[in-house]
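Enquirer: What follows is a structure written as structure tokens; I'll ask about it next.
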Amino acid sequence: DIQVTQSPSSVSASVGDKVTITCRTSHDVNGWLAWYQQKPGRAPNLLIYAASVLQDGVPSRFSGGGSGTDFTLTISNLQPEDFAIYYCQQADSFPYTFGQGTRLEIK
Amino acid sequence: QVRLQESGPGLVKPSQTLSLTCTVSGVSIVSGGDYWSWVRQRPGKGLEWLGSVYYLGDTHYNPSLESRAIILLDMEERNRFSLTLNSVTVADTAVYYCARDVMNRRIDVWGQGTTVIVSS
């Protein structure tokens with residue numbers, strides 16, 4: 001199985017800040033890395049897939065990058081609605097695996 | 001617009017079988033290109049992929065379930081799929097989500113989730 005490790009596990013930031021979350025996979029996932037946002041009591045919401053492709057309807061302040069085994073999610077100009085938990089997921093091979101999540105909190 | 005909705009009992013006794021159904025609207029589960037999946041989230045924990053099935057029969061499960069899970073598509077109604085998990089324990093207490101996996105590359109539509117508690 002491909003292991004997925006996110007960092008940091010939590011981060012504090014202010015409205016207007018820029019935040020970067022990192023995801024590392026144990027094997028090359030050929031760019032098949034997705035990012036999700038989850039708010040309390042809600043289902044996850046797809047933000048980015050194929051490492052850098054923005055899902056329809058997702059604001060452009062969200063961006064993804066990386067290749068091989070190292071990937072990033074960057075949120076620019078943080079808005080109040082962005083404070084949530086973020087997960088990465090490798091979609092290169094079954095079994096799919098998720099990172100442990102990064103909690104983005106208001107400073 | 002594609003929508004998914006989970007249904008099933010909210011309480012299951014240990015050692016019994018958990019059965020959930022996902023009703024899909026806005027697309028046929030045999031339209032091709034989509035895998036139909038289950039993901040769960042234990043209380044206060046992260047996301048755990050349980051398994052995915054394609055209408056042509058390609059099925060994959062999380063090995064951590066130790067062969068306890070079966071995911072089936074309803075090929076007659078063509079708008080439902082199910083999860084059966086046998087020999088449940090308290091560790092199976094979780095919110096269970098059904099979801100659509102596009103081209104087995106991204107999970108783009110999720111149900112709202114259903115809470116299942118395993119308790120005697």
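FYI, nothing fancy with the structure tokens labels: chains A, B, ... in order, residues from 1 per chain, ligands from 1 as they appear.
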Find the residues around Pro9 (chain B) up to 12 Å (only C-alpha atoms counted), leave out those fewer than 2 positions away in its own chain, and share them as a list in words.

Expert: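 Contacts, with the query itself left out: Glu6, Ser7, Leu11, Val12, Lys13, Thr17, Leu18, Ser19, Leu20, Thr21, Thr84, Val95, Tyr96, Thr114, Thr115, Val116, Ile117 and Val118 of chain B.
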
Enquirer: Those residues with N, CA, C and O atoms, as a PDB file, in the first residue's frame please?

Expert:
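Listing of selection11.pdb after writing:
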ATOM      1  N   GLU B   6     -27.027   8.106   1.556  1.00  0.00           N
ATOM      2  CA  GLU B   6     -26.878   6.858   2.277  1.00  0.00           C
ATOM      3  C   GLU B   6     -28.118   6.554   3.110  1.00  0.00           C
ATOM      4  O   GLU B   6     -28.799   7.480   3.576  1.00  0.00           O
ATOM      5  N   SER B   7     -28.385   5.279   3.314  1.00  0.00           N
ATOM      6  CA  SER B   7     -29.465   4.872   4.217  1.00  0.00           C
ATOM      7  C   SER B   7     -29.092   3.541   4.846  1.00  0.00           C
ATOM      8  O   SER B   7     -28.343   2.737   4.267  1.00  0.00           O
ATOM      9  N   LEU B  11     -27.764   1.677  14.284  1.00  0.00           N
ATOM     10  CA  LEU B  11     -27.237   0.906  15.406  1.00  0.00           C
ATOM     11  C   LEU B  11     -27.150  -0.559  15.009  1.00  0.00           C
ATOM     12  O   LEU B  11     -28.121  -1.133  14.498  1.00  0.00           O
ATOM     13  N   VAL B  12     -25.986  -1.147  15.230  1.00  0.00           N
ATOM     14  CA  VAL B  12     -25.758  -2.549  14.912  1.00  0.00           C
ATOM     15  C   VAL B  12     -25.071  -3.203  16.114  1.00  0.00           C
ATOM     16  O   VAL B  12     -24.199  -2.580  16.738  1.00  0.00           O
ATOM     17  N   LYS B  13     -25.450  -4.418  16.417  1.00  0.00           N
ATOM     18  CA  LYS B  13     -24.830  -5.119  17.542  1.00  0.00           C
ATOM     19  C   LYS B  13     -23.502  -5.746  17.128  1.00  0.00           C
ATOM     20  O   LYS B  13     -23.327  -6.167  15.966  1.00  0.00           O
ATOM     21  N   THR B  17     -24.121  -7.996  11.164  1.00  0.00           N
ATOM     22  CA  THR B  17     -23.780  -7.476   9.845  1.00  0.00           C
ATOM     23  C   THR B  17     -24.347  -6.083   9.640  1.00  0.00           C
ATOM     24  O   THR B  17     -25.509  -5.829   9.920  1.00  0.00           O
ATOM     25  N   LEU B  18     -23.500  -5.192   9.156  1.00  0.00           N
ATOM     26  CA  LEU B  18     -23.884  -3.824   8.828  1.00  0.00           C
ATOM     27  C   LEU B  18     -24.232  -3.783   7.336  1.00  0.00           C
ATOM     28  O   LEU B  18     -23.437  -4.251   6.507  1.00  0.00           O
ATOM     29  N   SER B  19     -25.392  -3.229   7.028  1.00  0.00           N
ATOM     30  CA  SER B  19     -25.797  -3.113   5.620  1.00  0.00           C
ATOM     31  C   SER B  19     -26.248  -1.695   5.332  1.00  0.00           C
ATOM     32  O   SER B  19     -27.162  -1.194   5.986  1.00  0.00           O
ATOM     33  N   LEU B  20     -25.601  -1.070   4.365  1.00  0.00           N
ATOM     34  CA  LEU B  20     -25.935   0.285   3.970  1.00  0.00           C
ATOM     35  C   LEU B  20     -26.231   0.334   2.471  1.00  0.00           C
ATOM     36  O   LEU B  20     -25.649  -0.425   1.696  1.00  0.00           O
ATOM     37  N   THR B  21     -27.108   1.244   2.105  1.00  0.00           N
ATOM     38  CA  THR B  21     -27.452   1.460   0.700  1.00  0.00           C
ATOM     39  C   THR B  21     -27.179   2.903   0.330  1.00  0.00           C
ATOM     40  O   THR B  21     -27.386   3.806   1.154  1.00  0.00           O
ATOM     41  N   THR B  84     -21.955  -4.100   2.528  1.00  0.00           N
ATOM     42  CA  THR B  84     -22.220  -5.059   3.593  1.00  0.00           C
ATOM     43  C   THR B  84     -20.909  -5.319   4.305  1.00  0.00           C
ATOM     44  O   THR B  84     -19.896  -5.618   3.668  1.00  0.00           O
ATOM     45  N   VAL B  95     -18.894   7.370  10.771  1.00  0.00           N
ATOM     46  CA  VAL B  95     -19.756   7.945   9.736  1.00  0.00           C
ATOM     47  C   VAL B  95     -19.348   7.301   8.424  1.00  0.00           C
ATOM     48  O   VAL B  95     -18.159   7.281   8.071  1.00  0.00           O
ATOM     49  N   TYR B  96     -20.315   6.759   7.713  1.00  0.00           N
ATOM     50  CA  TYR B  96     -20.061   6.084   6.443  1.00  0.00           C
ATOM     51  C   TYR B  96     -20.569   6.972   5.308  1.00  0.00           C
ATOM     52  O   TYR B  96     -21.719   7.406   5.316  1.00  0.00           O
ATOM     53  N   THR B 114     -23.759   8.785   6.873  1.00  0.00           N
ATOM     54  CA  THR B 114     -24.691   8.207   7.831  1.00  0.00           C
ATOM     55  C   THR B 114     -23.897   7.632   8.990  1.00  0.00           C
ATOM     56  O   THR B 114     -22.875   6.963   8.793  1.00  0.00           O
ATOM     57  N   THR B 115     -24.337   7.921  10.192  1.00  0.00           N
ATOM     58  CA  THR B 115     -23.642   7.454  11.389  1.00  0.00           C
ATOM     59  C   THR B 115     -24.094   6.048  11.750  1.00  0.00           C
ATOM     60  O   THR B 115     -25.292   5.773  11.835  1.00  0.00           O
ATOM     61  N   VAL B 116     -23.114   5.177  11.945  1.00  0.00           N
ATOM     62  CA  VAL B 116     -23.394   3.815  12.389  1.00  0.00           C
ATOM     63  C   VAL B 116     -22.665   3.588  13.710  1.00  0.00           C
ATOM     64  O   VAL B 116     -21.449   3.795  13.811  1.00  0.00           O
ATOM     65  N   ILE B 117     -23.398   3.190  14.706  1.00  0.00           N
ATOM     66  CA  ILE B 117     -22.832   2.877  16.017  1.00  0.00           C
ATOM     67  C   ILE B 117     -22.932   1.378  16.235  1.00  0.00           C
ATOM     68  O   ILE B 117     -24.008   0.787  16.052  1.00  0.00           O
ATOM     69  N   VAL B 118     -21.822   0.785  16.608  1.00  0.00           N
ATOM     70  CA  VAL B 118     -21.814  -0.636  16.942  1.00  0.00           C
ATOM     71  C   VAL B 118     -21.792  -0.745  18.466  1.00  0.00           C
ATOM     72  O   VAL B 118     -20.818  -0.341  19.119  1.00  0.00           O
TER      73      VAL B 118
END

Enquirer: With the cut-off set at 10 Å and counting only C-alpha atoms, tabulate each residue of chain B with an atom at most that distance from an atom of chain A, showing the nearest atom pair and its distance in Å to one decimal, ordered by chain and increasing number, as CSV.

Expert:
residue,atom,partner,partner_atom,distance
B:Gln41,CA,A:Ala43,CA,9.9
B:Lys45,CA,A:Gln100,CA,8.0
B:Gly46,CA,A:Gln100,CA,5.6
B:Leu47,CA,A:Phe98,CA,6.4
B:Glu48,CA,A:Phe98,CA,6.8
B:Trp49,CA,A:Tyr96,CA,6.1
B:Leu50,CA,A:Pro95,CA,8.3
B:Gly51,CA,A:Pro95,CA,7.7
B:Ser52,CA,A:Phe94,CA,9.0
B:Thr59,CA,A:Phe94,CA,9.9
B:His60,CA,A:Phe94,CA,6.9
B:Tyr61,CA,A:Pro95,CA,6.7
B:Asn62,CA,A:Pro95,CA,5.5
B:Pro63,CA,A:Pro95,CA,7.6
B:Ser64,CA,A:Pro95,CA,9.7
B:Val95,CA,A:Ala43,CA,9.6
B:Tyr96,CA,A:Ala43,CA,9.8
B:Tyr97,CA,A:Ala43,CA,7.6
B:Cys98,CA,A:Ala43,CA,9.9
B:Ala99,CA,A:Ala43,CA,9.9
B:Asp101,CA,A:Ala91,CA,9.6
B:Met103,CA,A:Ala91,CA,9.9
B:Asn104,CA,A:Ala91,CA,6.9
B:Arg105,CA,A:Ala91,CA,5.1
B:Arg106,CA,A:Tyr49,CA,6.2
B:Ile107,CA,A:Leu46,CA,6.8
B:Asp108,CA,A:Leu46,CA,5.7
B:Val109,CA,A:Asn45,CA,7.8
B:Trp110,CA,A:Ala43,CA,6.5
B:Gly111,CA,A:Ala43,CA,7.0
B:Gln112,CA,A:Ala43,CA,5.6
B:Gly113,CA,A:Ala43,CA,6.6

Enquirer: Restricting the output to N, CA, C and O atoms, write the selected residues as a short mmCIF file (atom, residue, chain, number, x, y, z; two decimals), in the first residue's frame.

Expert:
data_model
loop_
_atom_site.label_atom_id
_atom_site.label_comp_id
_atom_site.auth_asym_id
_atom_site.auth_seq_id
_atom_site.Cartn_x
_atom_site.Cartn_y
_atom_site.Cartn_z
N GLN B 41 -15.35 7.40 8.39
CA GLN B 41 -14.61 8.28 9.28
C GLN B 41 -14.99 7.94 10.71
O GLN B 41 -16.11 8.23 11.14
N LYS B 45 -11.51 11.02 13.85
CA LYS B 45 -10.38 10.53 13.05
C LYS B 45 -10.48 10.97 11.60
O LYS B 45 -11.40 11.68 11.21
N GLY B 46 -9.51 10.50 10.80
CA GLY B 46 -9.46 10.87 9.40
C GLY B 46 -10.29 9.96 8.51
O GLY B 46 -11.07 9.13 8.99
N LEU B 47 -10.11 10.13 7.22
CA LEU B 47 -10.89 9.41 6.23
C LEU B 47 -10.23 8.07 5.91
O LEU B 47 -9.01 7.98 5.77
N GLU B 48 -11.07 7.06 5.76
CA GLU B 48 -10.59 5.71 5.45
C GLU B 48 -11.38 5.16 4.26
O GLU B 48 -12.59 4.97 4.36
N TRP B 49 -10.69 4.92 3.18
CA TRP B 49 -11.34 4.34 2.00
C TRP B 49 -11.62 2.87 2.28
O TRP B 49 -10.75 2.14 2.76
N LEU B 50 -12.87 2.43 1.99
CA LEU B 50 -13.26 1.05 2.25
C LEU B 50 -13.25 0.19 0.99
O LEU B 50 -12.89 -0.99 1.03
N GLY B 51 -13.71 0.75 -0.12
CA GLY B 51 -13.74 -0.04 -1.34
C GLY B 51 -14.44 0.69 -2.46
O GLY B 51 -15.14 1.68 -2.23
N SER B 52 -14.24 0.19 -3.67
CA SER B 52 -14.83 0.78 -4.87
C SER B 52 -15.21 -0.31 -5.85
O SER B 52 -14.53 -1.34 -5.93
N THR B 59 -13.74 -4.72 -8.79
CA THR B 59 -14.01 -4.36 -7.40
C THR B 59 -12.72 -4.39 -6.60
O THR B 59 -11.89 -5.27 -6.79
N HIS B 60 -12.58 -3.41 -5.72
CA HIS B 60 -11.38 -3.32 -4.88
C HIS B 60 -11.80 -3.01 -3.46
O HIS B 60 -12.73 -2.23 -3.24
N TYR B 61 -11.09 -3.60 -2.49
CA TYR B 61 -11.39 -3.40 -1.08
C TYR B 61 -10.12 -3.02 -0.32
O TYR B 61 -9.02 -3.38 -0.71
N ASN B 62 -10.34 -2.35 0.79
CA ASN B 62 -9.23 -2.06 1.68
C ASN B 62 -8.83 -3.35 2.40
O ASN B 62 -9.67 -3.97 3.06
N PRO B 63 -7.58 -3.75 2.29
CA PRO B 63 -7.15 -5.00 2.94
C PRO B 63 -7.37 -5.00 4.45
O PRO B 63 -7.51 -6.07 5.05
N SER B 64 -7.43 -3.79 5.03
CA SER B 64 -7.61 -3.70 6.48
C SER B 64 -8.97 -4.26 6.93
O SER B 64 -9.15 -4.58 8.10
N VAL B 95 -18.89 7.37 10.77
CA VAL B 95 -19.76 7.94 9.74
C VAL B 95 -19.35 7.30 8.42
O VAL B 95 -18.16 7.28 8.07
N TYR B 96 -20.32 6.76 7.71
CA TYR B 96 -20.06 6.08 6.44
C TYR B 96 -20.57 6.97 5.31
O TYR B 96 -21.72 7.41 5.32
N TYR B 97 -19.67 7.22 4.36
CA TYR B 97 -20.02 8.01 3.18
C TYR B 97 -20.00 7.14 1.93
O TYR B 97 -19.07 6.33 1.75
N CYS B 98 -21.00 7.31 1.09
CA CYS B 98 -20.88 6.76 -0.26
C CYS B 98 -20.43 7.90 -1.17
O CYS B 98 -20.65 9.08 -0.87
N ALA B 99 -19.79 7.53 -2.27
CA ALA B 99 -19.16 8.56 -3.09
C ALA B 99 -18.95 8.07 -4.52
O ALA B 99 -18.89 6.87 -4.78
N ASP B 101 -16.38 8.08 -7.67
CA ASP B 101 -14.96 8.22 -8.00
C ASP B 101 -14.88 8.27 -9.53
O ASP B 101 -15.13 7.28 -10.20
N MET B 103 -13.41 8.05 -12.97
CA MET B 103 -12.28 7.44 -13.68
C MET B 103 -11.22 6.92 -12.72
O MET B 103 -10.04 6.89 -13.04
N ASN B 104 -11.64 6.52 -11.54
CA ASN B 104 -10.78 6.12 -10.41
C ASN B 104 -9.58 7.05 -10.25
O ASN B 104 -8.45 6.63 -10.04
N ARG B 105 -9.88 8.36 -10.29
CA ARG B 105 -8.83 9.36 -10.11
C ARG B 105 -9.22 10.49 -9.16
O ARG B 105 -8.34 11.24 -8.74
N ARG B 106 -10.50 10.64 -8.88
CA ARG B 106 -10.90 11.69 -7.94
C ARG B 106 -12.31 11.40 -7.46
O ARG B 106 -13.17 10.99 -8.23
N ILE B 107 -12.53 11.65 -6.17
CA ILE B 107 -13.85 11.46 -5.57
C ILE B 107 -14.54 12.80 -5.57
O ILE B 107 -14.24 13.67 -4.74
N ASP B 108 -15.46 13.00 -6.51
CA ASP B 108 -15.99 14.34 -6.72
C ASP B 108 -17.37 14.58 -6.14
O ASP B 108 -17.80 15.72 -6.02
N VAL B 109 -18.10 13.50 -5.82
CA VAL B 109 -19.42 13.67 -5.23
C VAL B 109 -19.52 12.73 -4.03
O VAL B 109 -19.20 11.55 -4.15
N TRP B 110 -19.99 13.27 -2.93
CA TRP B 110 -20.11 12.53 -1.69
C TRP B 110 -21.56 12.59 -1.20
O TRP B 110 -22.24 13.61 -1.38
N GLY B 111 -22.01 11.52 -0.54
CA GLY B 111 -23.25 11.61 0.19
C GLY B 111 -23.03 12.43 1.45
O GLY B 111 -21.90 12.81 1.76
N GLN B 112 -24.10 12.69 2.16
CA GLN B 112 -23.99 13.50 3.38
C GLN B 112 -23.40 12.69 4.53
O GLN B 112 -22.98 13.27 5.53
N GLY B 113 -23.39 11.36 4.40
CA GLY B 113 -22.87 10.52 5.45
C GLY B 113 -23.96 10.00 6.37
O GLY B 113 -24.96 10.69 6.61
#

Enquirer: What are the DSSP strand (DSSP E or B) residues of chain A, as an NGL selection string?

Expert: :A and (4-7 or 10-13 or 19-25 or 33-38 or 45-49 or 53-54 or 62-67 or 70-75 or 85-90 or 97-98 or 102-106)

Enquirer: Show me, as a list in words, the residues that have an atom within 7 Å of Tyr54 (chain B) when counting only C-alpha atoms, minus same-chain residues fewer than 2 positions from it.

Expert: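 Residues near the query, excluding close chain neighbours: Asp34, Tyr35, Trp36, Ser52, Leu56, Gly57, Asp58 and Thr59 of chain B.
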
Enquirer: Just to be explicit: take each residue in the selection above, keep N, CA, C and O atoms, and write the result as a CSV table (one decimal), in the first residue's frame.

Expert:
chain,number,residue,atom,x,y,z
B,34,ASP,N,-17.2,5.7,-14.1
B,34,ASP,CA,-17.3,6.0,-12.6
B,34,ASP,C,-17.2,4.7,-11.8
B,34,ASP,O,-17.8,3.7,-12.1
B,35,TYR,N,-16.4,4.9,-10.7
B,35,TYR,CA,-16.3,3.9,-9.7
B,35,TYR,C,-17.2,4.4,-8.6
B,35,TYR,O,-17.3,5.6,-8.3
B,36,TRP,N,-17.9,3.4,-7.9
B,36,TRP,CA,-18.8,3.8,-6.8
B,36,TRP,C,-18.2,3.2,-5.5
B,36,TRP,O,-17.8,2.1,-5.4
B,52,SER,N,-14.2,0.2,-3.7
B,52,SER,CA,-14.8,0.8,-4.9
B,52,SER,C,-15.2,-0.3,-5.9
B,52,SER,O,-14.5,-1.3,-5.9
B,56,LEU,N,-18.6,-2.9,-14.6
B,56,LEU,CA,-18.2,-4.1,-15.3
B,56,LEU,C,-17.6,-5.2,-14.4
B,56,LEU,O,-17.2,-6.2,-14.9
B,57,GLY,N,-17.7,-4.9,-13.1
B,57,GLY,CA,-17.3,-6.0,-12.2
B,57,GLY,C,-16.0,-5.8,-11.5
B,57,GLY,O,-15.6,-6.5,-10.5
B,58,ASP,N,-15.2,-4.8,-11.9
B,58,ASP,CA,-13.9,-4.5,-11.2
B,58,ASP,C,-14.2,-4.0,-9.8
B,58,ASP,O,-14.8,-3.0,-9.6
B,59,THR,N,-13.7,-4.7,-8.8
B,59,THR,CA,-14.0,-4.4,-7.4
B,59,THR,C,-12.7,-4.4,-6.6
B,59,THR,O,-11.9,-5.3,-6.8

Enquirer: Skip Ser67 (chain A) itself and residues of its chain fewer than 3 positions away, then list as a PyMOL selection string all residues within 12 Å of it, counting only C-alpha atoms.

Expert: chain A and resi 22-25+27-34+50-52+64+70-72+90

Enquirer: Generate the output file for the selected residues, N, CA and C atoms, as a PDB file, in the first residue's frame.

Expert:
ATOM      1  N   THR A  22       1.708  20.265   3.075  1.00  0.00           N
ATOM      2  CA  THR A  22       2.521  19.332   2.309  1.00  0.00           C
ATOM      3  C   THR A  22       2.007  17.906   2.460  1.00  0.00           C
ATOM      4  N   CYS A  23       2.111  17.155   1.383  1.00  0.00           N
ATOM      5  CA  CYS A  23       1.709  15.750   1.370  1.00  0.00           C
ATOM      6  C   CYS A  23       2.830  14.954   0.712  1.00  0.00           C
ATOM      7  N   ARG A  24       3.264  13.912   1.379  1.00  0.00           N
ATOM      8  CA  ARG A  24       4.318  13.056   0.836  1.00  0.00           C
ATOM      9  C   ARG A  24       3.808  11.632   0.751  1.00  0.00           C
ATOM     10  N   THR A  25       4.049  10.989  -0.393  1.00  0.00           N
ATOM     11  CA  THR A  25       3.633   9.607  -0.585  1.00  0.00           C
ATOM     12  C   THR A  25       4.849   8.690  -0.560  1.00  0.00           C
ATOM     13  N   HIS A  27       5.463   6.149  -2.431  1.00  0.00           N
ATOM     14  CA  HIS A  27       5.857   5.764  -3.782  1.00  0.00           C
ATOM     15  C   HIS A  27       5.378   6.839  -4.748  1.00  0.00           C
ATOM     16  N   ASP A  28       6.013   6.892  -5.897  1.00  0.00           N
ATOM     17  CA  ASP A  28       5.587   7.815  -6.949  1.00  0.00           C
ATOM     18  C   ASP A  28       4.129   7.506  -7.312  1.00  0.00           C
ATOM     19  N   VAL A  29       3.266   8.532  -7.266  1.00  0.00           N
ATOM     20  CA  VAL A  29       1.856   8.315  -7.583  1.00  0.00           C
ATOM     21  C   VAL A  29       1.481   8.889  -8.954  1.00  0.00           C
ATOM     22  N   ASN A  30       2.495   9.185  -9.750  1.00  0.00           N
ATOM     23  CA  ASN A  30       2.270   9.610 -11.137  1.00  0.00           C
ATOM     24  C   ASN A  30       1.323  10.820 -11.236  1.00  0.00           C
ATOM     25  N   GLY A  31       1.380  11.662 -10.247  1.00  0.00           N
ATOM     26  CA  GLY A  31       0.577  12.885 -10.264  1.00  0.00           C
ATOM     27  C   GLY A  31      -0.853  12.716  -9.798  1.00  0.00           C
ATOM     28  N   TRP A  32      -1.231  11.488  -9.444  1.00  0.00           N
ATOM     29  CA  TRP A  32      -2.620  11.244  -9.045  1.00  0.00           C
ATOM     30  C   TRP A  32      -2.801  11.504  -7.555  1.00  0.00           C
ATOM     31  N   LEU A  33      -2.888  12.785  -7.249  1.00  0.00           N
ATOM     32  CA  LEU A  33      -3.011  13.228  -5.866  1.00  0.00           C
ATOM     33  C   LEU A  33      -4.151  14.241  -5.807  1.00  0.00           C
ATOM     34  N   ALA A  34      -5.061  14.020  -4.862  1.00  0.00           N
ATOM     35  CA  ALA A  34      -6.216  14.900  -4.717  1.00  0.00           C
ATOM     36  C   ALA A  34      -6.206  15.539  -3.333  1.00  0.00           C
ATOM     37  N   ALA A  50      -5.487  15.434  -9.662  1.00  0.00           N
ATOM     38  CA  ALA A  50      -4.312  15.344 -10.531  1.00  0.00           C
ATOM     39  C   ALA A  50      -3.265  16.376 -10.125  1.00  0.00           C
ATOM     40  N   ALA A  51      -3.083  16.505  -8.837  1.00  0.00           N
ATOM     41  CA  ALA A  51      -2.066  17.357  -8.204  1.00  0.00           C
ATOM     42  C   ALA A  51      -2.320  18.848  -8.332  1.00  0.00           C
ATOM     43  N   SER A  52      -2.815  19.308  -9.488  1.00  0.00           N
ATOM     44  CA  SER A  52      -2.882  20.756  -9.697  1.00  0.00           C
ATOM     45  C   SER A  52      -4.140  21.250 -10.409  1.00  0.00           C
ATOM     46  N   GLY A  64      -2.652  23.755  -6.226  1.00  0.00           N
ATOM     47  CA  GLY A  64      -1.900  22.556  -5.893  1.00  0.00           C
ATOM     48  C   GLY A  64      -0.702  22.407  -6.790  1.00  0.00           C
ATOM     49  N   ASP A  70       6.076  14.216  -3.712  1.00  0.00           N
ATOM     50  CA  ASP A  70       5.941  15.422  -2.894  1.00  0.00           C
ATOM     51  C   ASP A  70       4.974  16.418  -3.519  1.00  0.00           C
ATOM     52  N   PHE A  71       3.977  16.803  -2.719  1.00  0.00           N
ATOM     53  CA  PHE A  71       2.896  17.642  -3.224  1.00  0.00           C
ATOM     54  C   PHE A  71       2.553  18.733  -2.205  1.00  0.00           C
ATOM     55  N   THR A  72       1.985  19.808  -2.711  1.00  0.00           N
ATOM     56  CA  THR A  72       1.579  20.904  -1.842  1.00  0.00           C
ATOM     57  C   THR A  72       0.186  21.402  -2.195  1.00  0.00           C
ATOM     58  N   GLN A  90      -4.043   9.738  -2.298  1.00  0.00           N
ATOM     59  CA  GLN A  90      -3.418   9.243  -3.518  1.00  0.00           C
ATOM     60  C   GLN A  90      -4.438   8.410  -4.291  1.00  0.00           C
TER      61      GLN A  90
END

Enquirer: Figure out the distance between CA of Leu73 (chain B) and CA of Gly33 (chain B), please, to one decimal in Å.

Expert: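 Taking CA of Gly33 (chain B) and CA of Leu73 (chain B), their separation equals 14.5 Å.
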
Enquirer: In Å, with one decimal, what is the gap from CA of Ser28 (chain B) to CA of Val53 (chain B)?

Expert: 13.7 Å

Enquirer: Provide the CA of Thr74 (chain A) to CA of Arg61 (chain A) distance in Å, to one decimal place.

Expert: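 A separation of 7.9 Å between them.
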
Enquirer: So that I can check the surroundings of Ser10 (chain A), please list as a ChimeraX atom specification every protein, DNA and RNA residue that reaches within 8 Å of it, counting only C-alpha atoms and ignoring chain neighbours fewer than 4 positions away.

Expert: /A:102-105

Enquirer: With all heavy atoms retained, could you export that selection as a PDB file, in the first residue's frame?

Expert:
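Output saved as result_8.pdb:
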ATOM      1  N   THR A 102      -4.858  17.887   7.984  1.00  0.00           N
ATOM      2  CA  THR A 102      -4.258  19.100   8.536  1.00  0.00           C
ATOM      3  C   THR A 102      -5.376  20.034   8.973  1.00  0.00           C
ATOM      4  O   THR A 102      -6.220  20.409   8.165  1.00  0.00           O
ATOM      5  CB  THR A 102      -3.380  19.818   7.500  1.00  0.00           C
ATOM      6  OG1 THR A 102      -2.268  18.990   7.156  1.00  0.00           O
ATOM      7  CG2 THR A 102      -2.881  21.152   8.037  1.00  0.00           C
ATOM      8  N   ARG A 103      -5.372  20.375  10.226  1.00  0.00           N
ATOM      9  CA  ARG A 103      -6.397  21.284  10.748  1.00  0.00           C
ATOM     10  C   ARG A 103      -5.908  22.714  10.603  1.00  0.00           C
ATOM     11  O   ARG A 103      -4.856  23.069  11.133  1.00  0.00           O
ATOM     12  CB  ARG A 103      -6.685  20.974  12.218  1.00  0.00           C
ATOM     13  CG  ARG A 103      -7.795  21.828  12.826  1.00  0.00           C
ATOM     14  CD  ARG A 103      -7.989  21.492  14.300  1.00  0.00           C
ATOM     15  NE  ARG A 103      -8.402  20.106  14.481  1.00  0.00           N
ATOM     16  CZ  ARG A 103      -9.658  19.694  14.449  1.00  0.00           C
ATOM     17  NH1 ARG A 103     -10.642  20.570  14.246  1.00  0.00           N
ATOM     18  NH2 ARG A 103      -9.942  18.426  14.633  1.00  0.00           N
ATOM     19  N   LEU A 104      -6.642  23.507   9.880  1.00  0.00           N
ATOM     20  CA  LEU A 104      -6.316  24.916   9.687  1.00  0.00           C
ATOM     21  C   LEU A 104      -7.195  25.738  10.628  1.00  0.00           C
ATOM     22  O   LEU A 104      -8.426  25.743  10.506  1.00  0.00           O
ATOM     23  CB  LEU A 104      -6.548  25.316   8.229  1.00  0.00           C
ATOM     24  CG  LEU A 104      -6.384  26.783   7.850  1.00  0.00           C
ATOM     25  CD1 LEU A 104      -5.028  27.325   8.254  1.00  0.00           C
ATOM     26  CD2 LEU A 104      -6.613  26.968   6.350  1.00  0.00           C
ATOM     27  N   GLU A 105      -6.541  26.414  11.569  1.00  0.00           N
ATOM     28  CA  GLU A 105      -7.259  27.142  12.608  1.00  0.00           C
ATOM     29  C   GLU A 105      -7.007  28.632  12.493  1.00  0.00           C
ATOM     30  O   GLU A 105      -5.967  29.072  11.981  1.00  0.00           O
ATOM     31  CB  GLU A 105      -6.811  26.648  13.990  1.00  0.00           C
ATOM     32  CG  GLU A 105      -7.087  25.166  14.218  1.00  0.00           C
ATOM     33  CD  GLU A 105      -6.503  24.656  15.517  1.00  0.00           C
ATOM     34  OE1 GLU A 105      -5.355  25.026  15.840  1.00  0.00           O
ATOM     35  OE2 GLU A 105      -7.193  23.882  16.203  1.00  0.00           O
TER      36      GLU A 105
END
